[in-house]
Amino acid sequence: MSTAHASFGFPLRVYWEDTDAGGIVFYANYLKFMERGRTEWLRTLGFHQQLLREQLGGMFVVSETAVKYHRPARLDDALWVTARVQDAGRVSLTMAQQVLLRHAEQPETLLAEGTIRIGWVDASTLKPGRIPAAILEKLQS
């Protein structure tokens with residue numbers, strides 16, 4: 001089922017630990033930034049990942065990623081990470097995400113964009129399962 005929900009945004013700052021020796025964000029760290037954006041998006045919907053695991057016995061795991069890099073982020077840059085449900089099914093979601101450079105008085109600059117597929121699994125066995133109805137309902141509202 002396709003969905004057209006608004007995009008969620010989350011601010012981040014680039015620290016030393018995110019960069020290489022030249023002060024440029026290491027490419028794999030964009031996936032970490034996107035993970036933080038998805039986690040905070042779930043929080044705003046009332047779903048805390050540890051509680052999902054404890055109360056429902058399941059969790060989301062990444063099953064597929066595709067990232068396109070446009071421009072580098074650098075040490076101390078202020079970033080804006082977005083997360084939007086692109087497609088929702090019974091066992092997985094495809095998220096569209098962007099990492100943008102925030103500017104004080106001009107439009108944001110696209111640094112990286114990607115699609116991340118996350119699936120619901122049983123936390124103890126890691127076997128795929130259906131996303132609980134309460135979560136899907138919240139995603140569709």
# chains A, B, ... in the order shown; residues from 1 in each chain; ligands from 1

call {"tool": "residues_around", "arguments": {"residues": "Pro72 in chain A", "least_positions_apart": "4", "cutoff": "9 Å", "atoms": "only C-alpha atoms", "output": "VMD selection string"}}
result
chain A and resid 24 to 27 111 to 112

call {"tool": "closest_residue", "arguments": {"among": "A:Arg90, A:Thr44, A:Arg71, A:Asp77", "to": "Val121 in chain A", "atoms": "only C-alpha atoms"}}
result
A:Arg90

call {"tool": "residues_around", "arguments": {"residues": "Phe8 in chain A", "least_positions_apart": "2", "cutoff": "12 Å", "atoms": "only C-alpha atoms", "output": "PDB file with C-alpha atoms, in the first residue's frame"}}
result
ATOM      1  CA  HIS A   5       2.604  11.169   4.626  1.00  0.00           C
ATOM      2  CA  ALA A   6       4.442  14.384   5.330  1.00  0.00           C
ATOM      3  CA  PHE A  10      15.372  16.039  12.820  1.00  0.00           C
ATOM      4  CA  PRO A  11      18.395  18.351  13.418  1.00  0.00           C
ATOM      5  CA  MET A  34      19.300   8.374   8.654  1.00  0.00           C
ATOM      6  CA  ARG A  36      18.703   8.537  13.991  1.00  0.00           C
ATOM      7  CA  GLY A  37      16.065  10.279  11.876  1.00  0.00           C
ATOM      8  CA  ARG A  38      13.943   7.109  11.648  1.00  0.00           C
ATOM      9  CA  THR A  39      14.292   6.453  15.378  1.00  0.00           C
ATOM     10  CA  GLU A  40      13.188   9.984  16.266  1.00  0.00           C
ATOM     11  CA  TRP A  41      10.322   9.728  13.750  1.00  0.00           C
ATOM     12  CA  LEU A  42       9.096   6.566  15.520  1.00  0.00           C
ATOM     13  CA  ARG A  43       9.348   8.389  18.875  1.00  0.00           C
ATOM     14  CA  THR A  44       7.111  11.200  17.639  1.00  0.00           C
ATOM     15  CA  LEU A  45       4.536   8.543  16.730  1.00  0.00           C
ATOM     16  CA  TRP A  80      18.487  18.331   8.815  1.00  0.00           C
ATOM     17  CA  VAL A  81      17.612  14.646   8.393  1.00  0.00           C
ATOM     18  CA  THR A  82      14.191  13.776   6.980  1.00  0.00           C
ATOM     19  CA  ALA A  83      12.198  10.554   7.066  1.00  0.00           C
ATOM     20  CA  ARG A  84       9.034   9.823   5.095  1.00  0.00           C
ATOM     21  CA  VAL A  85       7.134   6.613   4.525  1.00  0.00           C
ATOM     22  CA  MET A  95      11.433   5.003   3.887  1.00  0.00           C
ATOM     23  CA  ALA A  96      12.590   7.926   1.746  1.00  0.00           C
ATOM     24  CA  GLN A  97      15.217   9.952   3.552  1.00  0.00           C
ATOM     25  CA  GLN A  98      17.361  13.003   2.951  1.00  0.00           C
ATOM     26  CA  VAL A  99      20.297  14.625   4.688  1.00  0.00           C
TER      27      VAL A  99
END

call {"tool": "select_by_dssp", "arguments": {"residues": "chain A", "states": "strand (DSSP E)", "output": "ChimeraX atom specification"}}
result
/A:8-13,58-69,78-88,92-101,109-122

call {"tool": "atom_distance", "arguments": {"atom1": "CA of Leu139 in chain A", "atom2": "CA of Leu100 in chain A"}}
result
23.7 Å

call {"tool": "atom_distance", "arguments": {"atom1": "CA of Thr115 in chain A", "atom2": "CA of Val67 in chain A"}}
result
6.7 Å

call {"tool": "closest_atom_pairs", "arguments": {"of": "range 76-97 of chain A", "to": "range 54-62 of chain A", "cutoff": "10 Å", "atoms": "only C-alpha atoms", "output": "Markdown table"}}
result
| residue | atom | partner | partner_atom | distance |
| --- | --- | --- | --- | --- |
| A:Val91 | CA | A:Phe60 | CA | 9.7 |
| A:Ser92 | CA | A:Phe60 | CA | 8.5 |
| A:Leu93 | CA | A:Phe60 | CA | 9.4 |
| A:Thr94 | CA | A:Val62 | CA | 9.8 |

call {"tool": "residues_around", "arguments": {"residues": "Gly22 in chain A", "least_positions_apart": "5", "cutoff": "12 Å", "atoms": "only C-alpha atoms", "output": "PDB file with N, CA and C atoms, in the first residue's frame"}}
result
ATOM      1  N   TRP A  16      33.576  15.686  15.249  1.00  0.00           N
ATOM      2  CA  TRP A  16      34.835  15.086  14.824  1.00  0.00           C
ATOM      3  C   TRP A  16      34.673  13.604  14.516  1.00  0.00           C
ATOM      4  N   GLU A  17      33.961  12.908  15.388  1.00  0.00           N
ATOM      5  CA  GLU A  17      33.814  11.452  15.229  1.00  0.00           C
ATOM      6  C   GLU A  17      33.119  11.062  13.929  1.00  0.00           C
ATOM      7  N   PRO A  72      29.397  16.856   0.035  1.00  0.00           N
ATOM      8  CA  PRO A  72      29.893  16.439   1.349  1.00  0.00           C
ATOM      9  C   PRO A  72      29.403  17.351   2.479  1.00  0.00           C
ATOM     10  N   ALA A  73      29.230  16.766   3.645  1.00  0.00           N
ATOM     11  CA  ALA A  73      29.033  17.535   4.874  1.00  0.00           C
ATOM     12  C   ALA A  73      30.400  17.636   5.545  1.00  0.00           C
ATOM     13  N   ARG A  74      30.570  18.702   6.306  1.00  0.00           N
ATOM     14  CA  ARG A  74      31.859  18.955   6.933  1.00  0.00           C
ATOM     15  C   ARG A  74      31.702  19.180   8.440  1.00  0.00           C
ATOM     16  N   LEU A  75      32.819  19.120   9.126  1.00  0.00           N
ATOM     17  CA  LEU A  75      32.867  19.344  10.561  1.00  0.00           C
ATOM     18  C   LEU A  75      32.080  20.598  10.942  1.00  0.00           C
TER      19      LEU A  75
END

call {"tool": "closest_residue", "arguments": {"among": "A:Leu52, A:Ala78, A:Ile116, A:Ala66", "to": "Ile131 in chain A", "atoms": "only C-alpha atoms"}}
result
A:Leu52
